[in-house]
Structures are given as C-alpha cells and as structure tokens.
file target-v1.cif (mmCIF, C-alpha atoms)
data_upload
#
loop_
_atom_site.label_atom_id
_atom_site.label_comp_id
_atom_site.auth_asym_id
_atom_site.auth_seq_id
_atom_site.Cartn_x
_atom_site.Cartn_y
_atom_site.Cartn_z
CA MET G 1 0.00 0.00 0.00
CA THR G 2 2.81 2.43 0.89
CA LYS G 3 4.54 2.01 -2.46
CA GLY G 4 1.23 2.68 -4.20
CA ILE G 5 0.85 5.85 -2.19
CA SER G 6 4.29 6.98 -3.33
CA ARG G 7 3.51 6.38 -7.00
CA ARG G 8 0.27 8.38 -6.73
CA LEU G 9 2.07 11.37 -5.23
CA VAL G 10 4.80 11.28 -7.87
CA TRP G 11 2.05 11.16 -10.53
CA ALA G 12 0.14 13.99 -8.89
CA ALA G 13 3.20 16.20 -8.47
CA GLY G 14 4.12 15.56 -12.09
CA MET G 15 0.73 16.68 -13.28
CA VAL G 16 0.98 19.87 -11.27
CA ALA G 17 4.59 20.57 -12.23
CA MET G 18 3.76 20.29 -15.93
CA GLY G 19 0.75 22.55 -15.56
CA TRP G 20 -1.79 19.88 -16.48
CA VAL G 21 -5.35 20.26 -15.25
CA VAL G 22 -6.53 17.13 -13.44
CA SER G 23 -10.26 16.53 -13.13
CA ALA G 24 -11.93 16.03 -9.78
CA ASN G 25 -12.83 12.46 -10.76
CA ALA G 26 -9.23 11.71 -11.69
CA TRP G 27 -8.03 13.04 -8.35
CA ALA G 28 -10.64 11.00 -6.53
CA GLN G 29 -9.56 7.83 -8.29
CA ALA G 30 -5.88 8.56 -7.72
CA ASN G 31 -6.47 9.18 -4.03
CA LYS G 32 -8.99 6.48 -3.23
CA LYS G 33 -7.61 4.72 -0.19
CA PRO G 34 -8.95 2.49 2.58
CA LYS G 35 -10.04 3.95 5.90
CA THR G 36 -7.08 4.03 8.22
CA GLU G 37 -6.51 4.57 11.92
CA LYS G 38 -2.99 5.80 11.24
CA LEU G 39 -1.41 9.22 11.48
CA ARG G 40 0.15 10.27 8.18
CA VAL G 41 2.93 12.84 7.98
CA TYR G 42 4.32 14.19 4.71
CA MET G 43 7.65 16.04 4.82
CA VAL G 44 7.38 17.99 1.57
CA ASP G 45 10.56 19.09 -0.19
CA VAL G 46 10.56 22.89 -0.36
CA GLU G 47 14.29 23.13 -0.96
CA GLY G 48 15.60 24.11 2.45
CA GLY G 49 12.41 25.64 3.85
CA GLN G 50 9.73 23.80 5.80
CA ALA G 51 6.36 22.32 4.85
CA THR G 52 5.22 19.33 6.91
CA LEU G 53 1.66 18.05 6.58
CA PHE G 54 -0.01 16.02 9.34
CA VAL G 55 -3.24 14.14 8.55
CA THR G 56 -5.14 12.52 11.40
CA PRO G 57 -7.37 9.43 11.25
CA ALA G 58 -10.28 11.83 11.73
CA GLY G 59 -9.36 13.39 8.38
CA GLN G 60 -8.25 16.70 9.85
CA SER G 61 -5.02 18.31 8.71
CA LEU G 62 -2.26 20.50 10.10
CA LEU G 63 0.37 22.02 7.83
CA ILE G 64 3.45 23.38 9.54
CA ASP G 65 4.89 26.18 7.36
CA THR G 66 4.50 26.81 3.65
CA GLY G 67 7.95 27.07 2.07
CA TRP G 68 9.21 29.89 -0.11
CA PRO G 69 7.52 32.53 -2.27
CA GLY G 70 8.15 32.69 -6.02
CA ASN G 71 9.47 29.70 -7.95
CA GLU G 72 6.31 29.60 -10.09
CA TYR G 73 4.18 28.02 -7.32
CA ARG G 74 6.67 25.16 -6.86
CA ASP G 75 6.19 24.83 -3.11
CA ALA G 76 2.44 25.39 -3.08
CA ASP G 77 2.02 22.79 -5.80
CA ARG G 78 4.12 20.24 -3.94
CA ILE G 79 2.09 20.80 -0.78
CA VAL G 80 -1.18 20.47 -2.69
CA ALA G 81 0.01 17.24 -4.32
CA ALA G 82 0.64 15.78 -0.84
CA ALA G 83 -2.75 17.02 0.37
CA LYS G 84 -4.55 15.46 -2.60
CA LEU G 85 -2.73 12.20 -2.03
CA ALA G 86 -4.02 12.21 1.53
CA GLY G 87 -7.57 12.66 0.20
CA LEU G 88 -7.84 16.27 1.37
CA ASN G 89 -9.72 19.02 -0.42
CA LYS G 90 -8.72 21.64 2.15
CA ILE G 91 -6.16 22.18 4.89
CA ASP G 92 -7.79 22.76 8.26
CA TYR G 93 -4.92 24.47 10.07
CA VAL G 94 -1.72 26.11 8.82
CA LEU G 95 0.78 26.74 11.60
CA ILE G 96 3.45 29.32 10.84
CA THR G 97 6.44 28.73 13.11
CA HIS G 98 7.92 32.19 12.44
CA PHE G 99 8.05 34.85 9.78
CA HIS G 100 11.22 34.09 7.85
CA THR G 101 10.53 33.82 4.14
CA ASP G 102 11.31 30.09 3.84
CA HIS G 103 8.50 29.37 6.31
CA VAL G 104 5.78 31.98 5.72
CA GLY G 105 6.63 33.01 2.16
CA GLY G 106 4.46 30.41 0.48
CA VAL G 107 1.18 31.48 2.15
CA PRO G 108 -0.21 33.70 -0.67
CA GLN G 109 0.38 31.03 -3.32
CA LEU G 110 -0.93 28.23 -1.10
CA VAL G 111 -4.32 29.88 -0.51
CA GLU G 112 -4.69 30.32 -4.26
CA ARG G 113 -4.23 26.58 -4.73
CA ILE G 114 -6.25 25.04 -1.87
CA PRO G 115 -8.78 26.24 0.75
CA VAL G 116 -7.42 26.83 4.26
CA GLY G 117 -9.50 26.95 7.45
CA ALA G 118 -7.28 28.72 9.98
CA PHE G 119 -3.81 30.13 10.52
CA ILE G 120 -1.88 29.76 13.76
CA ASP G 121 1.18 31.84 14.66
CA HIS G 122 3.09 33.31 17.61
CA GLY G 123 1.78 36.87 17.19
CA PRO G 124 3.30 39.88 15.37
CA ASN G 125 6.66 39.85 13.60
CA ARG G 126 9.41 41.07 15.93
CA GLU G 127 12.27 41.22 13.41
CA LEU G 128 11.62 44.71 12.10
CA ASP G 129 15.11 45.43 10.78
CA ASN G 130 15.11 42.65 8.17
CA ALA G 131 13.52 43.69 4.86
CA ASP G 132 12.87 40.12 3.65
CA THR G 133 11.16 39.20 6.91
CA ALA G 134 9.07 42.38 6.83
CA ARG G 135 7.94 41.64 3.26
CA GLY G 136 7.02 38.06 4.07
CA TYR G 137 5.05 39.13 7.13
CA ALA G 138 3.26 41.89 5.21
CA ALA G 139 2.16 39.40 2.54
CA TYR G 140 0.91 37.06 5.27
CA GLU G 141 -0.97 39.90 6.99
CA LYS G 142 -2.60 40.75 3.67
CA VAL G 143 -3.98 37.21 3.49
CA LEU G 144 -5.27 37.41 7.07
CA ASP G 145 -6.82 40.83 6.42
CA THR G 146 -9.17 39.31 3.84
CA GLY G 147 -11.20 37.98 6.78
CA LYS G 148 -11.55 34.58 5.12
CA TYR G 149 -9.56 32.69 7.72
CA LYS G 150 -9.70 32.11 11.44
CA HIS G 151 -6.56 33.44 13.13
CA ILE G 152 -5.18 31.84 16.31
CA VAL G 153 -2.26 33.23 18.32
CA ALA G 154 -0.70 30.40 20.32
CA LYS G 155 1.13 30.62 23.63
CA PRO G 156 3.31 27.96 25.29
CA GLY G 157 1.08 25.27 26.75
CA ASP G 158 -1.79 25.87 24.32
CA VAL G 159 -3.17 22.87 22.44
CA VAL G 160 -4.00 23.20 18.75
CA PRO G 161 -7.70 22.28 18.33
CA ILE G 162 -7.19 19.55 15.73
CA ALA G 163 -9.09 16.29 16.09
CA GLY G 164 -7.06 13.10 16.30
CA ILE G 165 -3.76 14.32 17.71
CA GLN G 166 -2.59 16.48 20.58
CA ALA G 167 -0.35 19.28 19.34
CA THR G 168 0.97 21.27 22.31
CA ALA G 169 2.85 24.54 21.87
CA ILE G 170 6.27 24.23 23.50
CA SER G 171 7.67 27.61 22.45
CA ALA G 172 6.16 30.81 21.07
CA ASP G 173 7.28 34.43 20.68
CA GLY G 174 10.44 33.83 22.70
CA LYS G 175 8.63 32.16 25.61
CA LEU G 176 8.73 28.50 26.66
CA ILE G 177 6.54 26.08 28.60
CA GLU G 178 7.01 26.52 32.34
CA LYS G 179 5.98 23.03 33.43
CA PRO G 180 7.43 19.79 32.04
CA MET G 181 5.44 17.74 29.59
CA PRO G 182 4.43 14.18 30.58
CA GLY G 183 7.65 12.15 30.61
CA GLY G 184 9.81 15.21 31.33
CA GLY G 185 10.86 16.86 34.57
CA GLU G 186 14.12 15.05 35.33
CA ALA G 187 17.55 16.64 35.66
CA ASN G 188 19.26 16.71 32.26
CA PRO G 189 22.78 15.19 32.36
CA TYR G 190 23.40 16.25 28.74
CA CYS G 191 23.59 19.94 29.71
CA LYS G 192 27.07 19.43 31.16
CA GLY G 193 29.80 20.98 29.05
CA VAL G 194 27.45 22.29 26.33
CA GLU G 195 28.49 25.63 24.86
CA VAL G 196 26.53 28.64 26.07
CA ARG G 197 25.64 30.96 23.17
CA PRO G 198 24.33 34.54 23.01
CA ALA G 199 20.59 35.14 22.87
CA ASP G 200 19.15 35.08 19.36
CA VAL G 201 17.39 38.33 18.42
CA THR G 202 15.78 37.17 15.16
CA GLU G 203 12.43 35.51 14.44
CA ASN G 204 14.15 32.12 14.80
CA GLY G 205 14.20 32.35 18.59
CA ARG G 206 10.49 33.20 18.56
CA SER G 207 9.54 30.02 16.68
CA LEU G 208 6.21 28.43 17.52
CA GLY G 209 7.31 24.86 18.25
CA VAL G 210 5.00 21.93 18.95
CA LEU G 211 5.12 18.48 20.50
CA ILE G 212 2.65 16.23 18.70
CA SER G 213 1.31 13.14 20.44
CA PHE G 214 -0.64 10.38 18.73
CA GLY G 215 -1.25 7.75 21.36
CA LYS G 216 2.24 6.65 22.43
CA LEU G 217 3.89 8.17 19.35
CA LYS G 218 5.57 11.55 19.94
CA LEU G 219 6.95 13.91 17.28
CA LEU G 220 8.81 17.16 18.01
CA ASP G 221 8.90 20.14 15.63
CA LEU G 222 10.43 23.32 17.09
CA GLY G 223 10.68 25.23 13.82
CA ASP G 224 13.97 27.18 13.80
CA LEU G 225 14.22 27.50 17.58
CA THR G 226 17.80 28.44 18.39
CA TRP G 227 20.50 26.95 20.59
CA ASP G 228 20.03 29.48 23.42
CA LYS G 229 16.30 28.75 23.66
CA GLU G 230 16.95 25.00 23.59
CA MET G 231 19.21 25.43 26.61
CA GLU G 232 16.48 27.34 28.46
CA LEU G 233 14.01 24.59 27.63
CA MET G 234 16.23 21.65 28.56
CA CYS G 235 18.61 22.85 31.29
CA PRO G 236 18.94 22.11 34.11
CA THR G 237 15.59 20.32 33.88
CA ASP G 238 14.55 18.38 30.78
CA LYS G 239 11.02 19.63 30.14
CA LEU G 240 10.32 17.30 27.19
CA GLY G 241 11.39 13.76 28.00
CA HIS G 242 11.84 11.23 25.20
CA VAL G 243 10.27 11.54 21.75
CA ASP G 244 10.13 9.09 18.88
CA VAL G 245 10.66 11.45 15.95
CA TYR G 246 12.68 14.67 15.87
CA LEU G 247 11.91 16.96 12.96
CA VAL G 248 15.36 18.49 13.00
CA SER G 249 15.26 22.18 13.93
CA HIS G 250 16.45 24.91 11.58
CA HIS G 251 17.01 22.57 8.60
CA GLY G 252 19.96 21.04 10.42
CA TRP G 253 21.82 24.35 10.63
CA TYR G 254 24.51 24.69 13.32
CA GLN G 255 22.60 27.45 15.17
CA SER G 256 20.21 24.84 16.58
CA SER G 257 20.22 21.18 17.71
CA SER G 258 22.38 21.49 20.81
CA PRO G 259 23.42 18.21 22.46
CA ALA G 260 21.41 19.31 25.50
CA LEU G 261 18.28 18.88 23.36
CA VAL G 262 19.23 16.22 20.83
CA ASP G 263 20.80 13.80 23.32
CA ALA G 264 18.10 14.23 25.96
CA ILE G 265 15.09 13.52 23.75
CA HIS G 266 16.48 10.11 22.65
CA ALA G 267 14.68 10.23 19.29
CA ARG G 268 14.68 7.00 17.31
CA VAL G 269 14.38 8.87 14.02
CA ALA G 270 15.51 12.33 12.91
CA LEU G 271 13.89 13.86 9.80
CA MET G 272 15.91 16.77 8.41
CA ASN G 273 14.31 19.26 6.00
CA ASN G 274 17.60 20.56 4.64
CA GLY G 275 18.48 21.66 1.13
CA GLU G 276 21.66 20.65 -0.65
CA LYS G 277 23.31 23.98 0.21
CA LYS G 278 21.07 25.15 3.06
CA GLY G 279 21.20 23.50 6.45
CA GLY G 280 22.73 20.10 6.98
CA SER G 281 25.70 21.65 8.80
CA THR G 282 28.53 19.27 9.59
CA PRO G 283 28.41 19.89 13.39
CA THR G 284 24.67 19.14 13.43
CA LEU G 285 25.09 15.99 11.35
CA GLN G 286 27.76 14.85 13.81
CA THR G 287 25.61 15.61 16.87
CA ILE G 288 22.62 13.72 15.49
CA ALA G 289 24.69 10.76 14.29
CA LYS G 290 25.93 10.02 17.80
CA ALA G 291 22.72 10.86 19.67
CA PRO G 292 21.59 8.23 22.20
CA GLY G 293 18.82 6.02 20.89
CA LEU G 294 19.02 7.21 17.27
CA GLU G 295 18.30 4.49 14.73
CA THR G 296 18.10 6.54 11.51
CA LEU G 297 18.76 10.04 10.22
CA TRP G 298 16.66 10.81 7.13
CA GLN G 299 17.66 13.85 5.03
CA LEU G 300 15.49 15.53 2.40
CA HIS G 301 18.67 16.43 0.53
CA TYR G 302 22.28 15.39 0.40
CA SER G 303 24.26 18.04 2.28
CA ALA G 304 27.06 19.53 0.21
CA GLU G 305 28.75 20.74 3.40
CA GLY G 306 28.51 17.36 5.10
CA GLY G 307 30.14 15.51 2.21
CA GLU G 308 30.58 11.77 2.01
CA GLU G 309 31.88 11.53 5.57
CA HIS G 310 28.92 13.06 7.38
CA ASN G 311 25.79 12.53 5.26
CA THR G 312 23.48 9.68 6.16
CA SER G 313 23.35 6.59 3.93
CA ALA G 314 21.99 7.21 0.43
CA GLU G 315 18.97 4.99 1.09
CA PHE G 316 17.82 7.55 3.69
CA ILE G 317 18.23 10.61 1.44
CA ALA G 318 15.24 11.74 -0.62
CA ASN G 319 17.08 13.96 -3.10
CA LEU G 320 20.65 13.09 -4.02
CA GLN G 321 23.44 15.52 -4.82
CA GLY G 322 22.73 17.79 -7.77
CA THR G 323 19.09 16.73 -8.14
CA ASP G 324 15.87 18.69 -7.61
CA PRO G 325 12.96 16.30 -8.32
CA GLY G 326 11.01 17.10 -5.15
CA HIS G 327 11.09 13.67 -3.52
CA TYR G 328 9.55 13.55 -0.05
CA PHE G 329 9.25 11.44 3.08
CA GLU G 330 6.02 9.93 4.35
CA LEU G 331 5.66 8.73 7.92
CA ILE G 332 2.75 6.48 8.85
CA GLY G 333 2.28 6.18 12.60
CA ASP G 334 0.27 3.96 14.94
CA LYS G 335 -1.02 4.80 18.41
CA ASP G 336 1.04 1.96 19.88
CA GLY G 337 4.19 3.94 19.03
CA SER G 338 5.20 2.00 15.92
CA PHE G 339 5.69 3.76 12.61
CA ASP G 340 7.02 3.45 9.08
CA VAL G 341 9.02 5.94 7.02
CA LEU G 342 8.87 5.90 3.21
CA ASN G 343 11.49 7.46 0.94
CA SER G 344 9.63 8.38 -2.25
CA ARG G 345 12.85 8.34 -4.29
CA THR G 346 13.50 4.67 -3.59
CA ASN G 347 9.93 3.54 -2.88
CA GLU G 348 11.40 1.71 0.11
CA THR G 349 9.94 1.76 3.62
CA LYS G 350 11.66 1.20 6.96
CA HIS G 351 9.59 -0.07 9.89
CA TYR G 352 10.10 0.94 13.51
CA ALA G 353 8.40 -1.41 15.96
CA ALA G 354 6.67 -0.17 19.12
CA LEU G 355 9.02 -0.01 22.10
CA HIS G 356 6.47 0.57 24.86
#
call {"tool": "encode", "arguments": {"input": "target-v1.cif", "output": "structure tokens"}}
result
Amino acid sequence: MTKGISRRLVWAAGMVAMGWVVSANAWAQANKKPKTEKLRVYMVDVEGGQATLFVTPAGQSLLIDTGWPGNEYRDADRIVAAAKLAGLNKIDYVLITHFHTDHVGGVPQLVERIPVGAFIDHGPNRELDNADTARGYAAYEKVLDTGKYKHIVAKPGDVVPIAGIQATAISADGKLIEKPMPGGGEANPYCKGVEVRPADVTENGRSLGVLISFGKLKLLDLGDLTWDKEMELMCPTDKLGHVDVYLVSHHGWYQSSSPALVDAIHARVALMNNGEKKGGSTPTLQTIAKAPGLETLWQLHYSAEGGEEHNTSAEFIANLQGTDPGHYFELIGDKDGSFDVLNSRTNETKHYAALH
C-alpha cells in the first residue's frame, strides 16, 4: 500500500509541475484509499524551507509552514500534491512557526491553490530590521486581512484544536513552557559541558514549536528554535522527555540542535528538512549521528557541506546531490508507538516497531 501511495504522489506532483489540469474524478480515483486509523505525515521538499503536513485518522489536517515565495508556485504545488494524495480538499490548520521567508513566504500562493481553514502563529513579527522578513510578514498579513480565515495566536502550553492528535505549543514568541510535559521533569545530564551561546534576536528564537502526540507516538517540531532557547528549555531540567521522531530544527543548521536537546530527547528517528546547500551543517550531522537512541537520520537532501563523511546513507536521502525532483518522506504512525518511514525516491519503507 505504501509504495502505491508513493507512485500516486509522484504522478500527482508531475501533473501539477507540468501545468496539467486534473479533473476532480481523476483526483478521486488517484487518491482512493482504505479507511485508516494511522497518522500520516508528509515532509514535503521545499528546498531548504519547511512544509510538513499532518493528517489525522479523523481526516483533519495540520500544515506546519508553507515554504518559499516565487518559484512559479513550486512549493504550493508540492504541498497540494501531498494534500490530494491524503484525500484532502482543504487544509484545516496552517501553523506558521515564524516569519522568515522560507517558512511563511508560500502562504499567498498556497491559498490560491487550496482552501485553508485557519492560521496559527506566535503573534506579530518582531524582526523589524530585516527587509525580507518584513515583506514576508506583510504578505501574510494581507492574506489574514481578507477575513476569510480564522486566526489563532498560540502561547506555550496551548493545544492546537485539531481532532485526532494532541499538538501542544512548546515555544512561542520567545517564551517557553514553564511546566514539564508528561515524561519530562528530570535533571538533564546532557547539559554538562554544552556551549553557552548569546541570545538570538531574530524571528528564529520566537519560533512556535509543537510536540505532537498520537497515542504513544511523539513527534517534536520546534521550527527554527535556536540553541540558546533549547538550553532554556532543557537545562537544568529536561522539560520534554523522550520523543520518537525529531523533525530536526532549523534545517539542520549549526545554530540549533544542541546536544542538550538532541541527546536528551532520545529520538529514534531524525527527519531533516535541509536543502543541498542550506542547512545540513557538519556539526549538526555529527551531533545527530551520535545521539543516544538514534536508529536513523533521514535527510530531504544530500548536504554539500557534510560531504561523504557526514551525510546519512543514500537509502535515507530523498534527493541526491545535484538533483531537484522534489522527492519527499512519508511517515505512517500507529497509536502503539510504531511507525514506518517511506522514501519516495527509492519507494522503500523502513519499519520501527513499538518499544512501549
């Protein structure tokens, strides 16, 4: 079934990329799939930005970030192809982690391509001295000002009102949860010796990050939350506990993914939304590779900086060096904590059995 899903998304993306118009009946046939009690997660390739789509068994959807502007609707079309594959005709919630252009820039094109129910963010842009950020935020505000969409401002501890999963805000607008999440609360031994870095003053440190729970399965997406904020969150007390899947912060850039976070969460799988020449920093690749409990690092792109020595195995890379076909990862999760990850480039799936 998983390989069939992959072929349908490749077909759908191809139709969109070539500008072909696909009838509603054709989409319905392409996306006809049995009822499932699984959580589906699509890590869409937006070339070093973020766009991750969560689809619950209840049929509700949460998209975290929208990729870049421009590029002739490339990112919006890739997101829509994933949504259609999942049987969606709208996206219920779009969560914007922060207002850098590789995260919020795709909003205007996305709403032209598919209906959206609500937008969630951390509140106003705080990075007023960056022209690109100001432009991206202004374009986003213009969409909100149409009055067509519900707008939710999330604070740490808030739960996104999406049926079928629990998505709890961990960080927002520079603030962090005060009380540990279930499974957290212990002293963090991995804080010892970790470099202390200056406070980040950009939108990155204000990222709206979430911990998503689906039964026993836990997935962590902190957007581009920076090293200094990770240390506040995890030291001296680990407020998160263990997770199963770490959606690697900041595209795997060295400004995030401190050992105090990465080692403490004991993720079995790390999914990195890097581009070939954006993110995938060598220090981050090294930190993740030796993290306790890690079974697999999956990268959306081969990292030019990481080179042959530090990239993960080719079977766990969606887009190899010098290629730009838009391959993606699909995670299919079960409430017992087990899950599968599909690489659409290889059509191969790796299974992770429940540990609990």
call {"tool": "closest_atom_pairs", "arguments": {"input": "target-v1.cif", "of": "range 191-226 of chain G", "to": "range 335-352 of chain G", "cutoff": "7 Å", "atoms": "all atoms listed in the file", "output": "Markdown table"}}
result
| residue | atom | partner | partner_atom | distance |
| --- | --- | --- | --- | --- |
| G:Phe214 | CA | G:Lys335 | CA | 5.6 |
| G:Gly215 | CA | G:Lys335 | CA | 4.2 |
| G:Lys216 | CA | G:Gly337 | CA | 4.8 |
| G:Leu217 | CA | G:Gly337 | CA | 4.3 |
call {"tool": "atom_distance", "arguments": {"input": "target-v1.cif", "atom1": "CA of Gln321 in chain G", "atom2": "CA of Leu225 in chain G"}}
result
27.0 Å
call {"tool": "closest_residue", "arguments": {"input": "target-v1.cif", "among": "G:Val104, G:Ile79, G:Met272, G:Val55", "to": "Val143 in chain G", "atoms": "all atoms listed in the file"}}
result
G:Val104
call {"tool": "residues_near_point", "arguments": {"input": "target-v1.cif", "point": "(9.7, 19.7, 31.6)", "cutoff": "12 Å", "atoms": "all atoms listed in the file", "output": "VMD selection string"}}
result
chain G and resid 157 170 176 to 188 232 to 242 261 264 to 265
call {"tool": "atom_distance", "arguments": {"input": "target-v1.cif", "atom1": "CA of Ala353 in chain G", "atom2": "CA of Ala291 in chain G"}}
result
19.2 Å
call {"tool": "residues_around", "arguments": {"input": "target-v1.cif", "residues": "Leu320 in chain G", "least_positions_apart": "6", "cutoff": "8 Å", "atoms": "only C-alpha atoms", "output": "PyMOL selection string"}}
result
chain G and resi 301-302+314
call {"tool": "resolve_selection", "arguments": {"input": "target-v1.cif", "expression": "the PyMOL selection byres ((chain G and resi 109-113) around 12)", "output": "PyMOL selection string"}}
result
chain G and resi 16+51+63+65-81+83-84+89-94+104-108+114-119+139-140+142-144+146+148-149
call {"tool": "write_last_selection", "arguments": {"input": "target-v1.cif", "atoms": "C-alpha atoms", "output": "PDB file, in the frame of the given file"}}
result
ATOM      1  CA  VAL G  16       0.980  19.870 -11.270  1.00  0.00           C
ATOM      2  CA  ALA G  51       6.360  22.320   4.850  1.00  0.00           C
ATOM      3  CA  LEU G  63       0.370  22.020   7.830  1.00  0.00           C
ATOM      4  CA  ASP G  65       4.890  26.180   7.360  1.00  0.00           C
ATOM      5  CA  THR G  66       4.500  26.810   3.650  1.00  0.00           C
ATOM      6  CA  GLY G  67       7.950  27.070   2.070  1.00  0.00           C
ATOM      7  CA  TRP G  68       9.210  29.890  -0.110  1.00  0.00           C
ATOM      8  CA  PRO G  69       7.520  32.530  -2.270  1.00  0.00           C
ATOM      9  CA  GLY G  70       8.150  32.690  -6.020  1.00  0.00           C
ATOM     10  CA  ASN G  71       9.470  29.700  -7.950  1.00  0.00           C
ATOM     11  CA  GLU G  72       6.310  29.600 -10.090  1.00  0.00           C
ATOM     12  CA  TYR G  73       4.180  28.020  -7.320  1.00  0.00           C
ATOM     13  CA  ARG G  74       6.670  25.160  -6.860  1.00  0.00           C
ATOM     14  CA  ASP G  75       6.190  24.830  -3.110  1.00  0.00           C
ATOM     15  CA  ALA G  76       2.440  25.390  -3.080  1.00  0.00           C
ATOM     16  CA  ASP G  77       2.020  22.790  -5.800  1.00  0.00           C
ATOM     17  CA  ARG G  78       4.120  20.240  -3.940  1.00  0.00           C
ATOM     18  CA  ILE G  79       2.090  20.800  -0.780  1.00  0.00           C
ATOM     19  CA  VAL G  80      -1.180  20.470  -2.690  1.00  0.00           C
ATOM     20  CA  ALA G  81       0.010  17.240  -4.320  1.00  0.00           C
ATOM     21  CA  ALA G  83      -2.750  17.020   0.370  1.00  0.00           C
ATOM     22  CA  LYS G  84      -4.550  15.460  -2.600  1.00  0.00           C
ATOM     23  CA  ASN G  89      -9.720  19.020  -0.420  1.00  0.00           C
ATOM     24  CA  LYS G  90      -8.720  21.640   2.150  1.00  0.00           C
ATOM     25  CA  ILE G  91      -6.160  22.180   4.890  1.00  0.00           C
ATOM     26  CA  ASP G  92      -7.790  22.760   8.260  1.00  0.00           C
ATOM     27  CA  TYR G  93      -4.920  24.470  10.070  1.00  0.00           C
ATOM     28  CA  VAL G  94      -1.720  26.110   8.820  1.00  0.00           C
ATOM     29  CA  VAL G 104       5.780  31.980   5.720  1.00  0.00           C
ATOM     30  CA  GLY G 105       6.630  33.010   2.160  1.00  0.00           C
ATOM     31  CA  GLY G 106       4.460  30.410   0.480  1.00  0.00           C
ATOM     32  CA  VAL G 107       1.180  31.480   2.150  1.00  0.00           C
ATOM     33  CA  PRO G 108      -0.210  33.700  -0.670  1.00  0.00           C
ATOM     34  CA  ILE G 114      -6.250  25.040  -1.870  1.00  0.00           C
ATOM     35  CA  PRO G 115      -8.780  26.240   0.750  1.00  0.00           C
ATOM     36  CA  VAL G 116      -7.420  26.830   4.260  1.00  0.00           C
ATOM     37  CA  GLY G 117      -9.500  26.950   7.450  1.00  0.00           C
ATOM     38  CA  ALA G 118      -7.280  28.720   9.980  1.00  0.00           C
ATOM     39  CA  PHE G 119      -3.810  30.130  10.520  1.00  0.00           C
ATOM     40  CA  ALA G 139       2.160  39.400   2.540  1.00  0.00           C
ATOM     41  CA  TYR G 140       0.910  37.060   5.270  1.00  0.00           C
ATOM     42  CA  LYS G 142      -2.600  40.750   3.670  1.00  0.00           C
ATOM     43  CA  VAL G 143      -3.980  37.210   3.490  1.00  0.00           C
ATOM     44  CA  LEU G 144      -5.270  37.410   7.070  1.00  0.00           C
ATOM     45  CA  THR G 146      -9.170  39.310   3.840  1.00  0.00           C
ATOM     46  CA  LYS G 148     -11.550  34.580   5.120  1.00  0.00           C
ATOM     47  CA  TYR G 149      -9.560  32.690   7.720  1.00  0.00           C
TER      48      TYR G 149
END
call {"tool": "closest_residue", "arguments": {"input": "target-v1.cif", "among": "G:Val159, G:Tyr328, G:Thr323, G:Thr282", "to": "Glu308 in chain G", "atoms": "only C-alpha atoms"}}
result
G:Thr282
call {"tool": "resolve_selection", "arguments": {"input": "target-v1.cif", "expression": "the PyMOL selection byres ((chain G and resi 290) around 12)", "output": "CSV table (one decimal) with C-alpha atoms, keeping the file's coordinate frame"}}
result
chain,number,residue,atom,x,y,z
G,259,PRO,CA,23.4,18.2,22.5
G,262,VAL,CA,19.2,16.2,20.8
G,263,ASP,CA,20.8,13.8,23.3
G,266,HIS,CA,16.5,10.1,22.6
G,267,ALA,CA,14.7,10.2,19.3
G,268,ARG,CA,14.7,7.0,17.3
G,270,ALA,CA,15.5,12.3,12.9
G,283,PRO,CA,28.4,19.9,13.4
G,284,THR,CA,24.7,19.1,13.4
G,285,LEU,CA,25.1,16.0,11.4
G,286,GLN,CA,27.8,14.8,13.8
G,287,THR,CA,25.6,15.6,16.9
G,288,ILE,CA,22.6,13.7,15.5
G,289,ALA,CA,24.7,10.8,14.3
G,291,ALA,CA,22.7,10.9,19.7
G,292,PRO,CA,21.6,8.2,22.2
G,293,GLY,CA,18.8,6.0,20.9
G,294,LEU,CA,19.0,7.2,17.3
G,295,GLU,CA,18.3,4.5,14.7
G,296,THR,CA,18.1,6.5,11.5
G,297,LEU,CA,18.8,10.0,10.2
G,310,HIS,CA,28.9,13.1,7.4
G,312,THR,CA,23.5,9.7,6.2
call {"tool": "closest_residue", "arguments": {"input": "target-v1.cif", "among": "G:Ala154, G:Ala86, G:Ile64, G:Leu128", "to": "Ile332 in chain G", "atoms": "only C-alpha atoms"}}
result
G:Ala86
call {"tool": "closest_residue", "arguments": {"input": "target-v1.cif", "among": "G:Ile162, G:Leu39, G:Ala138, G:Ala172", "to": "Gly205 in chain G", "atoms": "only C-alpha atoms"}}
result
G:Ala172
call {"tool": "residues_around", "arguments": {"input": "target-v1.cif", "residues": "Gly174 in chain G", "least_positions_apart": "5", "cutoff": "8 Å", "atoms": "all atoms listed in the file", "output": "number ranges by chain"}}
result
G: 205-207, 229
call {"tool": "closest_residue", "arguments": {"input": "target-v1.cif", "among": "G:Pro161, G:Pro198, G:Gly333, G:Gly306", "to": "Tyr42 in chain G", "atoms": "only C-alpha atoms"}}
result
G:Gly333
call {"tool": "atom_distance", "arguments": {"input": "target-v1.cif", "atom1": "CA of Asp129 in chain G", "atom2": "CA of Leu220 in chain G"}}
result
29.9 Å
call {"tool": "residues_near_point", "arguments": {"input": "target-v1.cif", "point": "(14.5, 18.8, 15.9)", "cutoff": "8 Å", "atoms": "only C-alpha atoms", "output": "NGL selection string"}}
result
:G and (220-223 or 246-250 or 257 or 262 or 270-272)
call {"tool": "closest_residue", "arguments": {"input": "target-v1.cif", "among": "G:Gly307, G:Pro57, G:Gly275, G:Gly136", "to": "Gly326 in chain G", "atoms": "all atoms listed in the file"}}
result
G:Gly275
call {"tool": "resolve_selection", "arguments": {"input": "target-v1.cif", "expression": "the PyMOL selection byres ((chain G and resi 226) around 7)", "output": "ChimeraX atom specification"}}
result
/G:200,204-205,224-225,227-230,255-256
call {"tool": "axis_aligned_box", "arguments": {"input": "target-v1.cif", "around": "range 59-72 of chain G", "padding_each_side": "8 Å", "output": "AutoDock Vina command-line options"}}
result
--center_x 0.1 --center_y 23.0 --center_z 0.0 --size_x 34.8 --size_y 35.3 --size_z 36.2
call {"tool": "residues_around", "arguments": {"input": "target-v1.cif", "residues": "Leu208 in chain G", "least_positions_apart": "3", "cutoff": "6 Å", "atoms": "all atoms listed in the file", "output": "PDB file with C-alpha atoms, keeping the file's coordinate frame"}}
result
ATOM      1  CA  THR G  97       6.440  28.730  13.110  1.00  0.00           C
ATOM      2  CA  HIS G 122       3.090  33.310  17.610  1.00  0.00           C
ATOM      3  CA  SER G 171       7.670  27.610  22.450  1.00  0.00           C
ATOM      4  CA  ALA G 172       6.160  30.810  21.070  1.00  0.00           C
TER       5      ALA G 172
END
call {"tool": "residues_around", "arguments": {"input": "target-v1.cif", "residues": "Leu300 in chain G", "least_positions_apart": "6", "cutoff": "9 Å", "atoms": "only C-alpha atoms", "output": "list in words"}}
result
Met43, Val44, Asp45, Glu47, Gly48, Leu271, Met272, Asn273, Asn274, Gly275, Glu276, Phe316, Ile317, Ala318, Asn319, Leu320, Gly326, His327, Tyr328 and Phe329 of chain G
